[in-house]
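Colleague: Here you go, this is model-v7.cif (mmCIF, C-alpha atoms).
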```cif
data_upload
loop_
_atom_site.label_atom_id
_atom_site.label_comp_id
_atom_site.auth_asym_id
_atom_site.auth_seq_id
_atom_site.Cartn_x
_atom_site.Cartn_y
_atom_site.Cartn_z
CA MET E 137 -19.22 9.26 -9.39
CA THR E 138 -17.39 7.89 -6.39
CA VAL E 139 -16.62 4.23 -5.80
CA GLY E 140 -18.28 2.28 -3.01
CA ALA E 141 -16.24 0.57 -0.32
CA LEU E 142 -17.15 -2.92 -1.55
CA ALA E 143 -16.19 -2.21 -5.15
CA ALA E 144 -12.95 -0.62 -3.96
CA PHE E 145 -12.23 -3.65 -1.79
CA ALA E 146 -12.76 -6.02 -4.72
CA LEU E 147 -10.53 -3.88 -6.93
CA LEU E 148 -7.78 -3.79 -4.31
CA LEU E 149 -7.96 -7.55 -3.86
CA ARG E 150 -7.66 -8.02 -7.63
CA ARG E 151 -4.70 -5.63 -7.70
CA GLU E 152 -2.85 -7.52 -4.98
CA LEU E 153 -3.52 -10.95 -6.47
CA ARG E 154 -2.47 -9.83 -9.93
CA LEU E 155 0.73 -8.35 -8.55
CA SER E 156 1.48 -11.61 -6.71
CA PHE E 157 0.91 -13.76 -9.76
CA ARG E 158 3.14 -11.52 -11.87
CA ARG E 159 5.95 -12.61 -9.52
CA PRO E 160 5.62 -16.39 -9.30
CA ASP E 161 9.11 -16.70 -7.80
CA GLN E 162 8.15 -14.65 -4.77
CA LEU E 163 4.92 -16.57 -4.54
CA LEU E 164 6.68 -19.94 -4.44
CA GLN E 165 9.61 -19.06 -2.20
CA PRO E 166 7.77 -19.35 1.17
CA LEU E 167 6.13 -22.59 0.04
CA VAL E 168 9.42 -24.13 -1.04
CA PHE E 169 10.97 -22.94 2.23
CA PHE E 170 8.17 -24.67 4.13
CA LEU E 171 8.64 -27.89 2.21
CA ILE E 172 12.43 -27.91 2.57
CA VAL E 173 12.51 -27.11 6.29
CA THR E 174 9.99 -29.82 7.08
CA THR E 175 11.83 -32.40 4.97
CA LEU E 176 15.14 -31.50 6.63
CA PHE E 177 13.89 -32.55 10.06
CA PRO E 178 13.31 -36.25 9.27
CA LEU E 179 16.77 -36.32 7.70
CA GLY E 180 18.39 -34.83 10.80
CA LEU E 181 16.64 -37.06 13.29
CA SER E 182 17.25 -40.74 13.87
CA LEU E 183 15.15 -43.11 11.81
CA GLN E 184 12.42 -43.70 14.34
CA LEU E 185 8.92 -43.09 13.13
CA SER E 186 7.58 -42.77 16.68
CA LEU E 187 10.02 -39.97 17.52
CA LEU E 188 9.20 -38.17 14.27
CA ARG E 189 5.50 -38.51 14.88
CA ASP E 190 5.88 -37.01 18.35
CA MET E 191 7.79 -34.05 17.04
CA SER E 192 5.87 -33.48 13.81
CA PRO E 193 3.24 -30.99 15.10
CA GLY E 194 5.95 -28.72 16.48
CA VAL E 195 8.11 -28.99 13.37
CA LEU E 196 5.13 -28.35 11.11
CA TRP E 197 4.04 -25.29 13.04
CA VAL E 198 7.45 -23.70 13.49
CA ALA E 199 8.12 -24.12 9.77
CA ALA E 200 4.69 -22.67 8.93
CA LEU E 201 5.24 -19.62 11.15
CA LEU E 202 8.70 -18.94 9.77
CA SER E 203 7.69 -19.32 6.14
CA SER E 204 4.68 -17.02 6.66
CA LEU E 205 7.04 -14.45 8.15
CA LEU E 206 9.24 -14.54 5.04
CA SER E 207 6.68 -12.85 2.86
CA LEU E 208 5.20 -10.52 5.50
CA ASP E 209 8.08 -8.12 5.11
CA SER E 210 6.90 -7.11 1.64
CA LEU E 211 3.27 -6.53 2.64
CA PHE E 212 3.51 -2.73 2.51
CA LYS E 213 7.15 -2.27 1.56
CA GLY E 214 6.73 -2.69 -2.17
CA ASP E 215 4.04 -0.06 -2.31
CA ALA E 216 5.96 2.26 0.01
CA ASP E 217 9.13 2.02 -2.08
CA ASP E 218 7.57 2.88 -5.43
CA GLY E 219 5.25 5.58 -4.07
CA THR E 220 1.98 3.76 -4.77
CA LEU E 221 1.22 3.60 -1.04
CA GLU E 222 0.78 7.38 -1.02
CA GLN E 223 -1.56 7.11 -3.98
CA LEU E 224 -3.56 4.45 -2.13
CA ALA E 225 -3.66 6.59 1.02
CA LEU E 226 -5.09 9.48 -1.01
CA CYS E 227 -7.59 7.49 -3.05
CA GLY E 228 -10.59 8.63 -1.02
CA GLN E 229 -11.15 5.20 0.57
CA GLU E 230 -10.54 4.39 4.21
CA LEU E 231 -6.93 3.38 4.85
CA ALA E 232 -8.24 0.51 7.03
CA LEU E 233 -10.03 -0.91 3.99
CA ILE E 234 -6.76 -0.92 2.09
CA VAL E 235 -4.98 -2.63 4.97
CA VAL E 236 -7.65 -5.34 5.19
CA ALA E 237 -7.61 -5.99 1.44
CA LYS E 238 -3.83 -6.18 1.30
CA THR E 239 -3.62 -8.47 4.33
CA LEU E 240 -6.34 -10.83 3.08
CA ALA E 241 -4.70 -11.04 -0.34
CA HIS E 242 -1.40 -11.77 1.36
CA TRP E 243 -2.98 -14.58 3.36
CA LEU E 244 -4.60 -16.07 0.26
CA VAL E 245 -1.28 -16.42 -1.54
CA SER E 246 0.82 -17.38 1.50
CA GLY E 247 -1.24 -18.90 4.33
CA ALA E 248 -3.95 -20.55 2.27
CA ALA E 249 -1.39 -21.94 -0.15
CA LEU E 250 0.57 -23.33 2.79
CA VAL E 251 -2.57 -25.03 4.13
CA LEU E 252 -3.09 -26.67 0.74
CA VAL E 253 0.39 -28.21 0.62
CA SER E 254 0.39 -29.20 4.30
CA PRO E 255 -0.98 -32.76 3.66
CA VAL E 256 2.14 -33.46 1.60
CA VAL E 257 4.32 -32.31 4.47
CA GLY E 258 2.09 -34.17 6.94
CA THR E 259 2.62 -37.39 5.04
CA ALA E 260 6.38 -36.87 5.00
CA LEU E 261 6.34 -36.33 8.76
CA GLY E 262 4.25 -39.43 9.40
CA ILE E 263 1.07 -37.67 10.46
CA PRO E 264 -1.91 -40.03 9.96
CA PRO E 265 -4.37 -38.87 7.25
CA ALA E 266 -7.18 -38.93 9.82
CA ALA E 267 -5.56 -35.90 11.48
CA PHE E 268 -5.25 -33.87 8.27
CA ALA E 269 -8.56 -32.05 8.62
CA THR E 270 -7.70 -30.73 12.09
CA MET E 271 -4.17 -29.93 11.03
CA MET E 272 -5.34 -27.94 8.00
CA LEU E 273 -8.04 -26.09 9.93
CA SER E 274 -5.64 -25.14 12.70
CA LEU E 275 -3.00 -24.04 10.18
CA GLY E 276 -5.60 -21.97 8.34
CA LEU E 277 -6.69 -20.16 11.49
CA GLY E 278 -3.11 -19.80 12.68
CA THR E 279 -1.69 -18.36 9.46
CA LEU E 280 -4.61 -15.95 9.14
CA THR E 281 -4.02 -14.71 12.68
CA LEU E 282 -0.34 -14.41 11.92
CA SER E 283 -1.12 -12.34 8.81
CA TRP E 284 -3.12 -9.88 10.92
CA LEU E 285 -0.37 -9.69 13.54
CA GLY E 286 2.16 -9.35 10.76
CA ALA E 287 0.24 -6.49 9.21
CA ILE E 288 0.85 -4.46 12.37
CA GLY E 289 4.54 -5.36 12.36
CA ALA E 290 4.89 -4.68 8.64
CA ALA E 291 3.18 -1.31 8.98
CA LEU E 292 5.49 -0.37 11.84
CA THR E 293 8.67 -1.38 10.02
CA VAL E 294 7.80 -0.24 6.50
CA GLY E 295 9.95 2.87 6.76
CA LEU E 296 13.07 0.99 7.86
CA LYS E 297 15.84 -0.08 5.52
CA ARG E 298 16.29 -3.55 6.99
CA GLY E 299 13.10 -4.07 8.86
CA SER E 300 12.63 -7.81 8.39
CA VAL E 301 14.57 -8.82 11.52
CA LEU E 302 12.75 -6.25 13.62
CA LEU E 303 9.48 -7.47 12.10
CA SER E 304 10.27 -11.02 13.28
CA LEU E 305 11.16 -9.71 16.74
CA ILE E 306 7.82 -7.90 16.95
CA VAL E 307 5.64 -10.66 15.52
CA LEU E 308 7.13 -13.93 16.79
CA PRO E 309 6.56 -13.31 20.54
CA LEU E 310 2.94 -12.48 19.76
CA ALA E 311 2.68 -15.69 17.75
CA MET E 312 3.58 -17.93 20.68
CA PRO E 313 -0.03 -18.72 21.62
CA LEU E 314 -0.58 -19.76 18.01
CA LEU E 315 2.28 -22.21 18.18
CA ILE E 316 1.17 -23.65 21.52
CA PHE E 317 -2.46 -24.17 20.59
CA GLY E 318 -1.89 -24.92 16.91
CA ALA E 319 0.69 -27.61 17.60
CA GLY E 320 -1.50 -28.76 20.50
CA ALA E 321 -4.52 -29.21 18.24
CA THR E 322 -2.48 -31.15 15.69
CA ASP E 323 -0.95 -33.28 18.42
CA ARG E 324 -4.35 -34.18 19.85
CA ALA E 325 -5.69 -35.02 16.42
CA ILE E 326 -2.73 -37.38 15.86
CA SER E 327 -3.34 -39.15 19.16
CA GLY E 328 -7.01 -39.42 18.29
CA SER E 329 -8.49 -37.25 21.04
CA SER E 330 -10.68 -34.20 20.56
CA ALA E 331 -8.88 -31.02 19.45
CA LEU E 332 -11.96 -28.82 19.71
CA GLY E 333 -10.74 -26.81 22.71
CA ALA E 334 -7.53 -25.74 20.99
CA LEU E 335 -9.37 -25.02 17.74
CA TYR E 336 -11.87 -22.81 19.55
CA PHE E 337 -9.02 -20.92 21.10
CA LEU E 338 -7.33 -20.46 17.71
CA GLY E 339 -10.65 -19.30 16.27
CA SER E 340 -11.13 -16.73 18.98
CA LEU E 341 -7.56 -15.46 18.52
CA CYS E 342 -8.27 -15.12 14.82
CA VAL E 343 -11.45 -13.11 15.44
CA PHE E 344 -9.68 -11.01 18.04
CA THR E 345 -6.82 -10.07 15.71
CA CYS E 346 -8.94 -9.56 12.60
CA THR E 347 -11.16 -7.06 14.41
CA LEU E 348 -8.37 -5.09 16.09
CA ALA E 349 -5.27 -5.50 13.92
CA PRO E 350 -6.58 -3.50 10.93
CA PHE E 351 -6.99 -0.44 13.12
CA ALA E 352 -3.60 -0.84 14.77
CA ALA E 353 -1.94 -1.38 11.39
CA THR E 354 -3.76 1.63 9.93
CA ILE E 355 -2.49 3.90 12.68
CA ALA E 356 1.03 2.53 12.30
CA LEU E 357 0.88 3.03 8.54
CA ARG E 358 -0.36 6.59 8.90
CA ILE E 359 2.60 7.37 11.14
CA THR E 360 5.10 5.87 8.70
CA LEU E 361 3.53 7.79 5.81
CA GLU E 362 4.34 11.11 7.51
CA MET S 9 -9.51 34.64 4.21
CA ASN S 10 -10.19 31.66 1.98
CA THR S 11 -12.81 31.43 -0.68
CA ALA S 12 -15.78 29.17 -0.06
CA ALA S 13 -14.74 26.63 -2.70
CA GLY S 14 -11.08 25.96 -2.92
CA LEU S 15 -8.01 25.32 -0.93
CA GLY S 16 -6.80 27.41 1.99
CA VAL S 17 -3.58 26.97 3.89
CA GLU S 18 -3.11 29.17 6.91
CA LYS S 19 0.06 29.72 8.94
CA VAL S 20 1.36 26.18 8.60
CA HIS S 21 4.42 25.30 10.64
CA VAL S 22 6.26 22.01 10.25
CA TRP S 23 9.27 20.86 12.19
CA ARG S 24 11.41 17.94 11.07
CA GLY S 25 13.40 17.06 14.17
CA ALA S 26 15.20 20.28 15.06
CA ARG S 27 14.69 21.78 11.62
CA HIS S 28 11.92 24.32 11.14
CA VAL S 29 10.95 23.41 7.57
CA LEU S 30 7.77 25.39 6.99
CA LYS S 31 7.68 28.69 8.80
CA GLY S 32 4.12 29.91 8.79
CA VAL S 33 3.19 29.31 5.15
CA SER S 34 -0.20 30.63 4.01
CA LEU S 35 -1.80 30.37 0.61
CA THR S 36 -5.17 30.25 -1.08
CA LEU S 37 -6.14 28.55 -4.29
CA ALA S 38 -9.55 29.04 -5.87
CA PRO S 39 -11.02 27.15 -8.84
CA GLY S 40 -9.50 28.37 -12.06
CA GLN S 41 -6.22 29.37 -10.46
CA LEU S 42 -2.72 28.11 -10.88
CA LEU S 43 -0.15 28.49 -8.12
CA HIS S 44 3.52 27.87 -8.70
CA VAL S 45 5.44 27.01 -5.54
CA ALA S 46 9.11 27.73 -6.05
CA GLY S 47 12.20 27.82 -3.91
CA PRO S 48 15.70 26.36 -3.67
CA ASN S 49 16.34 22.72 -2.74
CA GLY S 50 15.47 22.00 0.86
CA SER S 51 13.11 24.94 1.22
CA GLY S 52 10.21 22.64 2.05
CA LYS S 53 8.33 22.58 -1.27
CA THR S 54 7.62 18.86 -1.14
CA THR S 55 6.84 19.06 2.57
CA LEU S 56 4.28 21.76 1.85
CA LEU S 57 2.70 19.56 -0.81
CA ARG S 58 2.50 16.63 1.59
CA VAL S 59 0.86 18.86 4.18
CA VAL S 60 -1.64 20.07 1.60
CA CYS S 61 -2.41 16.45 0.61
CA GLY S 62 -3.03 15.56 4.22
CA LEU S 63 -0.22 12.98 4.30
CA LEU S 64 1.69 15.06 6.82
CA ARG S 65 0.05 16.79 9.75
CA PRO S 66 1.47 20.22 10.49
CA GLU S 67 2.53 21.14 14.02
CA SER S 68 0.32 24.19 13.82
CA GLY S 69 -1.84 25.88 11.22
CA THR S 70 -4.71 24.56 9.14
CA VAL S 71 -5.36 23.26 5.67
CA SER S 72 -8.96 23.73 4.57
CA TRP S 73 -11.05 22.66 1.60
CA GLY S 74 -14.22 24.58 0.89
CA GLY S 75 -13.71 26.47 4.13
CA ARG S 76 -13.54 23.36 6.33
CA PRO S 77 -10.45 21.61 7.72
CA ILE S 78 -9.43 18.72 5.47
CA SER S 79 -9.47 16.28 8.37
CA SER S 80 -13.25 16.78 8.69
CA VAL S 81 -13.96 16.44 4.95
CA ARG S 82 -11.28 13.85 4.22
CA ALA S 83 -13.21 11.55 1.85
CA ASP S 84 -14.69 14.44 -0.12
CA TYR S 85 -11.33 16.22 -0.29
CA GLN S 86 -9.46 13.12 -1.44
CA ALA S 87 -12.10 12.39 -4.08
CA ASN S 88 -11.44 15.88 -5.45
CA LEU S 89 -7.68 15.82 -5.55
CA ALA S 90 -5.13 14.26 -7.84
CA PHE S 91 -1.63 14.03 -6.44
CA ALA S 92 1.51 13.30 -8.41
CA SER S 93 4.61 12.91 -6.29
CA HIS S 94 8.14 13.33 -7.61
CA GLU S 95 8.15 9.55 -8.12
CA ALA S 96 5.97 8.22 -10.92
CA ALA S 97 4.34 5.82 -8.40
CA LEU S 98 3.77 3.00 -10.88
CA LYS S 99 3.86 -0.73 -10.14
CA ALA S 100 6.69 -2.09 -12.27
CA ASP S 101 4.94 -5.44 -12.82
CA LEU S 102 1.69 -3.94 -14.07
CA THR S 103 1.12 -2.45 -17.50
CA ALA S 104 0.55 1.28 -17.84
CA LEU S 105 -3.14 0.69 -18.40
CA GLU S 106 -3.44 -1.63 -15.38
CA ASN S 107 -1.63 0.93 -13.26
CA LEU S 108 -4.20 3.52 -14.23
CA HIS S 109 -7.06 1.08 -13.81
CA PHE S 110 -6.18 0.17 -10.23
CA ALA S 111 -5.29 3.72 -9.17
CA VAL S 112 -8.15 5.60 -10.80
CA GLY S 113 -10.70 2.84 -10.19
CA LEU S 114 -10.52 3.45 -6.44
CA LYS S 115 -11.51 7.06 -6.96
CA ARG S 116 -14.13 7.00 -9.66
CA ARG S 117 -15.69 4.62 -12.14
CA ALA S 118 -13.61 5.01 -15.26
CA SER S 119 -13.97 2.88 -18.38
CA LEU S 120 -10.92 1.45 -20.10
CA GLN S 121 -11.60 3.79 -23.02
CA ASP S 122 -11.40 6.73 -20.62
CA LEU S 123 -8.06 5.51 -19.37
CA ARG S 124 -6.73 4.85 -22.87
CA ARG S 125 -7.83 8.33 -23.89
CA SER S 126 -5.88 9.94 -21.08
CA LEU S 127 -2.82 7.90 -22.04
CA GLU S 128 -3.30 9.22 -25.59
CA ARG S 129 -3.51 12.77 -24.32
CA THR S 130 -0.14 12.47 -22.64
CA GLY S 131 1.33 10.83 -25.72
CA VAL S 132 1.98 7.34 -24.38
CA ALA S 133 -0.88 5.41 -26.01
CA GLU S 134 1.61 2.95 -27.49
CA CYS S 135 2.88 2.09 -23.99
CA SER S 136 -0.51 1.21 -22.54
CA ASP S 137 0.03 -2.55 -22.65
CA LEU S 138 3.70 -2.52 -21.69
CA PRO S 139 4.76 -3.23 -18.12
CA ALA S 140 5.88 -0.05 -16.38
CA ARG S 141 9.24 -1.73 -15.77
CA VAL S 142 10.32 -1.28 -19.39
CA LEU S 143 9.23 2.35 -19.71
CA SER S 144 11.74 5.19 -19.71
CA ALA S 145 11.69 7.79 -16.94
CA GLY S 146 10.00 10.30 -19.24
CA GLN S 147 7.37 7.79 -20.31
CA ARG S 148 6.68 6.90 -16.69
CA ARG S 149 6.21 10.58 -15.94
CA ARG S 150 3.70 10.81 -18.80
CA VAL S 151 1.80 7.78 -17.51
CA ALA S 152 1.68 9.39 -14.04
CA MET S 153 0.28 12.53 -15.67
CA ALA S 154 -2.29 10.41 -17.50
CA ARG S 155 -3.38 9.10 -14.11
CA VAL S 156 -3.88 12.69 -12.90
CA LEU S 157 -5.96 13.43 -16.01
CA ALA S 158 -8.07 10.29 -15.63
CA MET S 159 -8.92 11.10 -12.03
CA GLU S 160 -10.86 14.14 -13.30
CA ALA S 161 -10.14 15.89 -10.03
CA ALA S 162 -10.84 19.54 -9.28
CA LEU S 163 -7.50 20.04 -7.57
CA TRP S 164 -4.16 18.98 -8.98
CA LEU S 165 -1.17 18.76 -6.68
CA LEU S 166 1.94 18.16 -8.74
CA ASP S 167 5.45 17.73 -7.45
CA GLU S 168 8.08 18.57 -10.10
CA PRO S 169 5.91 17.31 -12.97
CA PHE S 170 8.42 18.39 -15.62
CA THR S 171 11.33 16.23 -14.46
CA ASN S 172 12.68 13.83 -17.12
CA LEU S 173 10.49 15.33 -19.83
CA ASP S 174 11.73 16.28 -23.30
CA ALA S 175 10.93 19.70 -24.77
CA ALA S 176 7.77 18.42 -26.46
CA GLY S 177 6.65 16.83 -23.19
CA THR S 178 7.20 20.05 -21.25
CA GLU S 179 5.08 21.91 -23.76
CA LEU S 180 2.42 19.21 -23.69
CA PHE S 181 2.18 19.26 -19.89
CA ALA S 182 1.99 23.07 -19.88
CA GLY S 183 -0.91 22.77 -22.32
CA LEU S 184 -2.66 20.21 -20.12
CA LEU S 185 -2.23 22.48 -17.11
CA ARG S 186 -3.68 25.42 -19.05
CA CYS S 187 -6.61 23.28 -20.18
CA HIS S 188 -7.31 22.15 -16.62
CA VAL S 189 -7.16 25.64 -15.14
CA GLU S 190 -9.20 27.22 -17.94
CA GLY S 191 -11.80 24.53 -17.39
CA GLY S 192 -12.24 25.71 -13.81
CA GLY S 193 -9.76 23.42 -12.10
CA ALA S 194 -7.17 24.46 -9.57
CA ALA S 195 -3.55 23.41 -9.64
CA LEU S 196 -0.68 23.71 -7.22
CA VAL S 197 2.59 22.97 -8.96
CA VAL S 198 5.90 22.58 -7.19
CA ALA S 199 8.77 23.19 -9.58
CA HIS S 200 12.18 24.72 -9.19
CA HIS S 201 12.27 26.09 -12.72
CA GLU S 202 9.99 28.57 -14.47
CA LEU S 203 6.54 27.52 -15.59
CA LYS S 204 5.26 28.81 -18.91
CA PRO S 205 1.68 27.66 -19.10
CA GLY S 206 0.64 30.73 -21.08
CA LEU S 207 -1.88 31.95 -18.57
CA GLU S 208 -2.05 34.06 -15.47
CA MET S 209 -0.35 32.39 -12.59
CA ARG S 210 0.58 33.23 -9.04
CA ARG S 211 3.87 32.37 -7.48
CA LEU S 212 4.81 31.47 -3.94
CA GLU S 213 8.48 31.59 -3.14
CA LEU S 214 9.61 29.54 -0.16
CA ALA S 215 12.68 30.76 1.68
CA PRO S 216 15.34 28.18 2.56
#
```
Using structure tokens, write down the structure from this file.
Modeller:
Amino acid sequence: MTVGALAAFALLLRRELRLSFRRPDQLLQPLVFFLIVTTLFPLGLSLQLSLLRDMSPGVLWVAALLSSLLSLDSLFKGDADDGTLEQLALCGQELALIVVAKTLAHWLVSGAALVLVSPVVGTALGIPPAAFATMMLSLGLGTLTLSWLGAIGAALTVGLKRGSVLLSLIVLPLAMPLLIFGAGATDRAISGSSALGALYFLGSLCVFTCTLAPFAATIALRITLE
Amino acid sequence: MNTAAGLGVEKVHVWRGARHVLKGVSLTLAPGQLLHVAGPNGSGKTTLLRVVCGLLRPESGTVSWGGRPISSVRADYQANLAFASHEAALKADLTALENLHFAVGLKRRASLQDLRRSLERTGVAECSDLPARVLSAGQRRRVAMARVLAMEAALWLLDEPFTNLDAAGTELFAGLLRCHVEGGGAALVVAHHELKPGLEMRRLELAP
């Protein structure tokens, strides 16, 4: 009796989440990094709330992108190193399904977690609570897009000994639109004007990457498996 | 050349950079047959196994399952094969039972009792709730073999399955192989030492 794609997807998601929660240190590292980087900025700048408020969207977004990158490196590497990736590739399910499940699970424990702590960081950076909803929505869309982009990069660099720098070099240029429109949306929300345009753009980027990235990452992964 | 049901490999050539690793290897494997692939280190035994799995595409030649190229019957082929690489391929943070659950569960619906039973058959029932991290190399090998058993696949592809095993383990695995083949299964075993499964077996020697 073979296993349907949906059941396999659910099982894969459970596998990834269980593996993440067995390693709480690796789960917390990107979050702590995010918190520390964003608290360093107010300390390094002069004590002017207006200056901080002007810079906060950029600081928030750069820190979010960098901390998401930290954990992307291990997306496929862990499985490739211990040989379980081969087992997954031969399990009779589509490799693309495996890529999607792994990437979504990665986003849930990195991106979604980051979105949840972002109000704390927002408060520290002097972002008004009225802008939190837009900030969190834009961060959610942005980190999800970054996870899809990162899946391609991680699949390409999985065979390399020290691939994390190369991964950043591949992913960060592609993430520039995210930074521009994500920080733009947050900035507009802070100044009280409508951020809908930027949010729509982030949403379309997210749809664009989540429909195409799984296939690109699958092809890259198949090449590295050879 | 190949039988209707079973595995056929025909004139497979693989180059690794400038190295010609597999030089026109052909083999057939029908249900109820055991094939021992032997050869010195670096003769391409593992490469051949990866080609047979479909992980590595050969430069020329075909691998077929039931008379059709494996690329056209991929899902069916993969559902019918159990592969054990030279690594145990276990997640260190998961218990032996969880490792089996997540690996076998993608292939077929297996109850936890099924999985526990296969761990018992390879003699590591007492390790089922221990994380793979704390298991010895031999125990990990036995858990990997339990995964092969639990997949209930028609075709076993095993890469050096006897590494790290004690004498009792070697005998146990030989018995499991015999049981599988006598039950109508096919097995392709890569090993650099002699196999003594106690049944008729063919041998393919790869030249370096």
Colleague: Tell me which of S:Thr36, S:Asn88, S:Met159, S:Val29 sits closest to Leu123 (chain S), counting all atoms listed in the file.
Modeller: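 Looking at the shortest contact to Leu123 (chain S), the residue is S:Met159.
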Colleague: Would you mind telling me which residue in S:Ala161, S:Ala83, S:Val156, S:Leu196 lies nearest to Val17 (chain S) when using all atoms listed in the file?
Modeller: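 Result for the nearest residue to Val17 (chain S): S:Leu196.
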Colleague: Compile the contact shell of Arg58 (chain S) as a PDB file with C-alpha atoms, in the frame of the given file: residues with an atom at most 12 Å away, counting only C-alpha atoms, same-chain residues fewer than 4 positions apart removed.
Modeller:
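Once written, result-v3.pdb looks like this:
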```pdb
ATOM      1  CA  GLU E 222       0.780   7.380  -1.020  1.00  0.00           C
ATOM      2  CA  GLN E 223      -1.560   7.110  -3.980  1.00  0.00           C
ATOM      3  CA  ALA E 225      -3.660   6.590   1.020  1.00  0.00           C
ATOM      4  CA  LEU E 226      -5.090   9.480  -1.010  1.00  0.00           C
ATOM      5  CA  LEU E 361       3.530   7.790   5.810  1.00  0.00           C
ATOM      6  CA  GLU E 362       4.340  11.110   7.510  1.00  0.00           C
TER       7      GLU E 362
ATOM      8  CA  VAL S  20       1.360  26.180   8.600  1.00  0.00           C
ATOM      9  CA  VAL S  22       6.260  22.010  10.250  1.00  0.00           C
ATOM     10  CA  LEU S  30       7.770  25.390   6.990  1.00  0.00           C
ATOM     11  CA  GLY S  52      10.210  22.640   2.050  1.00  0.00           C
ATOM     12  CA  LYS S  53       8.330  22.580  -1.270  1.00  0.00           C
ATOM     13  CA  THR S  54       7.620  18.860  -1.140  1.00  0.00           C
ATOM     14  CA  GLY S  62      -3.030  15.560   4.220  1.00  0.00           C
ATOM     15  CA  LEU S  63      -0.220  12.980   4.300  1.00  0.00           C
ATOM     16  CA  LEU S  64       1.690  15.060   6.820  1.00  0.00           C
ATOM     17  CA  ARG S  65       0.050  16.790   9.750  1.00  0.00           C
ATOM     18  CA  PRO S  66       1.470  20.220  10.490  1.00  0.00           C
ATOM     19  CA  VAL S  71      -5.360  23.260   5.670  1.00  0.00           C
ATOM     20  CA  PHE S  91      -1.630  14.030  -6.440  1.00  0.00           C
ATOM     21  CA  ALA S  92       1.510  13.300  -8.410  1.00  0.00           C
ATOM     22  CA  SER S  93       4.610  12.910  -6.290  1.00  0.00           C
ATOM     23  CA  HIS S  94       8.140  13.330  -7.610  1.00  0.00           C
ATOM     24  CA  LEU S 165      -1.170  18.760  -6.680  1.00  0.00           C
ATOM     25  CA  LEU S 166       1.940  18.160  -8.740  1.00  0.00           C
ATOM     26  CA  ASP S 167       5.450  17.730  -7.450  1.00  0.00           C
ATOM     27  CA  LEU S 196      -0.680  23.710  -7.220  1.00  0.00           C
ATOM     28  CA  VAL S 198       5.900  22.580  -7.190  1.00  0.00           C
TER      29      VAL S 198
END
```
Colleague: Convert the output of the PyMOL selection byres ((chain E) within 6 of (chain S)) on the shown file into explicit residues, formatted as a VMD selection string.
Modeller: chain E and resid 137 to 139 144 218 to 220 226 to 228 362
Colleague: Tell me, in Å to one decimal, how far CA of Phe177 (chain E) is from CA of Leu244 (chain E).
Modeller: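 Going from CA of Phe177 (chain E) over to CA of Leu244 (chain E) covers 26.6 Å.
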Colleague: What is the distance, in Å and to one decimal place, between CA of Arg24 (chain S) and CA of Leu214 (chain S)?
Modeller: 16.2 Å
Colleague: Determine the residue membership of the PyMOL selection byres ((chain E and resi 339-346) around 7) for the file above and supply it as an mmCIF file with C-alpha atoms, in the coordinates of the input.
Modeller:
```
data_model
loop_
_atom_site.group_PDB
_atom_site.id
_atom_site.type_symbol
_atom_site.label_atom_id
_atom_site.label_comp_id
_atom_site.auth_asym_id
_atom_site.auth_seq_id
_atom_site.Cartn_x
_atom_site.Cartn_y
_atom_site.Cartn_z
ATOM 1 C CA LEU E 277 -6.690 -20.160 11.490
ATOM 2 C CA LEU E 280 -4.610 -15.950 9.140
ATOM 3 C CA THR E 281 -4.020 -14.710 12.680
ATOM 4 C CA TRP E 284 -3.120 -9.880 10.920
ATOM 5 C CA LEU E 285 -0.370 -9.690 13.540
ATOM 6 C CA LEU E 335 -9.370 -25.020 17.740
ATOM 7 C CA TYR E 336 -11.870 -22.810 19.550
ATOM 8 C CA PHE E 337 -9.020 -20.920 21.100
ATOM 9 C CA LEU E 338 -7.330 -20.460 17.710
ATOM 10 C CA THR E 347 -11.160 -7.060 14.410
ATOM 11 C CA LEU E 348 -8.370 -5.090 16.090
ATOM 12 C CA ALA E 349 -5.270 -5.500 13.920
ATOM 13 C CA PRO E 350 -6.580 -3.500 10.930
#
```
Colleague: Grab the CA of Ser182 (chain E) to CA of Gly262 (chain E) distance for me, in Å with one decimal place.
Modeller: 13.8 Å
Colleague: Restricting the calculation to only C-alpha atoms, which member of S:Arg141, S:Arg155, S:Lys204, S:Arg148 is positioned closest to Ser126 (chain S)?
Modeller: S:Arg155
Colleague: Could you expand the PyMOL selection byres ((chain E and resi 164) around 12) into the explicit residues it covers here, written as a list in words?
Modeller: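 Checking the PyMOL selection byres ((chain E and resi 164) around 12) against this file, the residues are Ser156, Phe157, Arg158, Arg159, Pro160, Asp161, Gln162, Leu163, Gln165, Pro166, Leu167, Val168, Phe169, Phe170, Leu171, Ser203, Ser204, Leu206, Ser207, Val245, Ser246, Gly247, Ala249, Leu250 and Val253 of chain E.
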Colleague: Residues within 9 Å of region 45-49 of chain S, please, as a list of chain:residue names. Count all atoms listed in the file; anything in the same chain fewer than 5 positions from it doesn't count.
Modeller: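 The residues that qualify are S:Leu196, S:Val197, S:Val198, S:Ala199, S:His200, S:His201, S:Glu202, S:Arg210, S:Arg211, S:Leu212, S:Glu213, S:Leu214, S:Ala215, S:Pro216.
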Colleague: At a cut-off of 9 Å, using all atoms listed in the file, what residues contact Met191 (chain E)? Leave out same-chain residues fewer than 5 positions from it and give the result as an mmCIF file with C-alpha atoms, in the frame of the given file.
Modeller:
```cif
data_model
loop_
_atom_site.group_PDB
_atom_site.id
_atom_site.type_symbol
_atom_site.label_atom_id
_atom_site.label_comp_id
_atom_site.auth_asym_id
_atom_site.auth_seq_id
_atom_site.Cartn_x
_atom_site.Cartn_y
_atom_site.Cartn_z
ATOM 1 C CA SER E 186 7.580 -42.770 16.680
ATOM 2 C CA LEU E 196 5.130 -28.350 11.110
ATOM 3 C CA LEU E 261 6.340 -36.330 8.760
ATOM 4 C CA ASP E 323 -0.950 -33.280 18.420
#
```
